[in-house]
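Please read the structure below before turning to the comments.
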Amino acid sequence: MGHIEIRRAVAHGHYFEDEETLLAYSYDASGIEERPLVVVKPTHEEEIRRVLQAANQNRLAVVPRGAGTNIRGATVKESCVVIDMRRFDALERLDVSKGIATVGAGMTITRLNELLSKHNLYFPLVPENPMATLGGLVSQNHVTEESNLFGDYRKLVAEVECFDGLGRYHVLKGQEVERVVGWEGTMGIIVKLKLKVYPRNHRVTLNIYAVKDAAEAGQRLERLKNEKGVLMIEYFDAATSTLVGLERGSHLVVAYANDRGSYKDPAKIGELLDRRKRLEQTLWNDGYTLSEEASLDPSKALQFEQLCVREKVPCYGHLARGVLLTALKAAEQRSRVYSGVVSLGGKPVGKHGYGRLKREYVPVEVRRQAVRLKEERDYNHILNPGVIV
Amino acid sequence: MKMEKKREPEACILCGLCNGGGDAYNLSLDERRSPRHAVWSCRKGRIGPALYAATLNSRPEELCPVGIGIDAAVIAARRKMVKVGQETVANRDFMAKLREGRNPHK
Amino acid sequence: MGLFGKRRPRGVTLYFPGCLAEAKLPHVIEAQKSVLRDMGVEFVTLRLECCGYPAWYAGYEEEFQQAMARNKRRLEENGVERIITGCPHCALTFRQRYGIETEHILEAFEERLEKIRQKEGRSTSYHHPCFLDKLGIGEKTAIRILRRAGVHVPAGNKAAGCCGSVGDDFARNNPEEARLICQRRCGEFSEKTIVTACPYCIVMFQQQRKEAKDVSELLGE
């Protein structure tokens, strides 16, 4: 049986098929529940290689997993081999002068920033769920407010070490990292990353604009195009403005990594940015438990906001990057929101990937590219089948 | 004392934020020992030794964004376990002393 | 009125050490009583059973109810209307389950800060017991008390979180994991002495061969 070979592929104590483990890995944060065949928790790359070999020979699906915080169902699958990457969680090397941290895929950004803070450095893309691991975040290309200045993971990952679906080890540098960034574990299992890290020495100031709606906020974007050091451009509708402590009405908040903004009180700025970081959690507490996003041209932001108004859900997000966010109360709202976004020429992804929940919304060109890449890197389609393709 | 109303495990959204406060989980990185799994088990009505495998201190509840009463849920599940006669060996021996009115730590 | 015309006492404050302190930390009990007396707190001591916290948390509700009933009778007979205890688990149990006015000893100390004797030249690490957070007692309370006593707690040595015991609830069923959690916690302290405010934490740290003291022991030095 295939899983006997999986057992042989890993060290003693790294293989689990007991009832409790299989149940604990049968769910993630998506609401999907599917029981895996076995779970392995490797601590060495060689174990991953052998698992992939055995999985290919036996045509077993393999699902890499970090902390299980995925909300699109990309870390659960019936009868699969789950590779829990959490034990790859070391900060292996820190080159302070070059600003490069070499970390295991199982490390969380919270932990990374704790370690970096001793050197007055930080990694800027802090996700709303501090439990998420780097491997997962890179796989989703999880943008944050700070991406306005720093870009997304394609810019911040200098190097990736990973296995492809056939068990071949790759060290991807520069643009090559795009072979795994954003592919949600379908093109490779990320083992190690070299990340760009930054000195924590900039002062943050804000400009806060009261606006009528997302359209007016969008109009302001033009004026911000040539401004330097713009850390964040966030839109908040009336509801989310209240939740982050702004006055009544909608707002565009521009954060600068310099002295340019007119709001300079560090305590008040810190509080607002903290509330922004916890906004998703606040919405969950208020019953808006299904976080959603849309990648849209900023000129369509108003129509997206109107869609949110019709659905009685909030609208906020990284306006300049064209990633708008919302949170739904009921699962039946999903198809209306996804179709609405597609009809606006956008994609219902932006931070969390397609996963299994949005597979039917994967654009044709992305699907074609995925099929092509699978031929090169995973022709038995064992890596995360059902995600993207 | 924190006495705000807590939610039942059915309201858990499985975000995993509570796991940040799970000392047993963070030590072992074992999902079976995570606060989230304890809540999930309560939701499913599952009883077993896993209910004693997570550290029930205040931090998972503090980290929960939707206010699940994790301790109360796990204690309620443990009560069901005890009622059907499922005890851990350690608890059985400890409780024998308590029933006799003795100091169980002596 | 009692059976033979005697008046039942009223408004009595009980000092309750908790069964772990009774079993393993008699010097802590003495230190706590001594500091309370120095502060002018009047209290009685009584032979009670275990407050029942272990039974409550482990799911033995029937046993808990029985222990609580017996204890409540004793408390009533002796006119106890208030309890001071050095154990956060007992404090939570008395407050939440017995419904009796209860102070953890840190709260009693904080109310009487001006009576704390200063003695400079001491430096310790501080471990904040997790169950004090459940009582709404923050780390700042303990630090304020220690500072008032002239004790220095270096920054980064105020570790909040679990010693691995959880009032023995976790340690009893997972002794090896509890030991490892405690070992990890000990690694976060730089000072030779760890001061805390829970008998379960003290016992765990002592099992790791650390010098662990109750806050009252420092106040009484």
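So you can find residues: chains in the structure tokens are A, B, ... in the order shown, residues in each start at 1, and ligands are numbered from 1 in order.
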Report task. Considering only C-alpha atoms, extract the chain B residues located within 8 Å of chain C and return them as a ChimeraX atom specification. Result -> /B:1-2,23-24,27,52-59,75-82,88,90-91,95,98-99,101-106
Query raised in the report: Skipping near chain neighbours, those fewer than 6 positions away, what residues fall within 9 Å of Ala294 of chain A using only C-alpha atoms, listed as a PyMOL selection string?
Result: chain A and resi 304+322-326+338+341-342+346-351
Query raised in the report: A:Leu290, A:Tyr263, A:Glu114, A:Pro36: which is nearest Leu14 of chain B, counting only C-alpha atoms?
Result: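 Nearest to Leu14 of chain B: A:Leu290.
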Query raised in the report: If we count only C-alpha atoms, which residues of chain A reach to within 7 Å of chain B? Please list them as a list in words.
Result: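 So the residues of chain A near chain B are Glu20, Thr21, Ala24, Asp28, Ala29, Thr69, Arg86, Asn129, Met131, Gln281, Thr282, Trp284 and Asn285 of chain A.
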Requested in this report: Please report, as a PyMOL selection string, each residue of segment 149-389 of chain A to which DSSP assigns helix (DSSP H, G or I) when run on this structure's backbone.
Outcome: chain A and resi 149-150+153-156+174-179+214-224+238-243+266-277+279-285+298-311+319-321+333-343+359-361+364-377
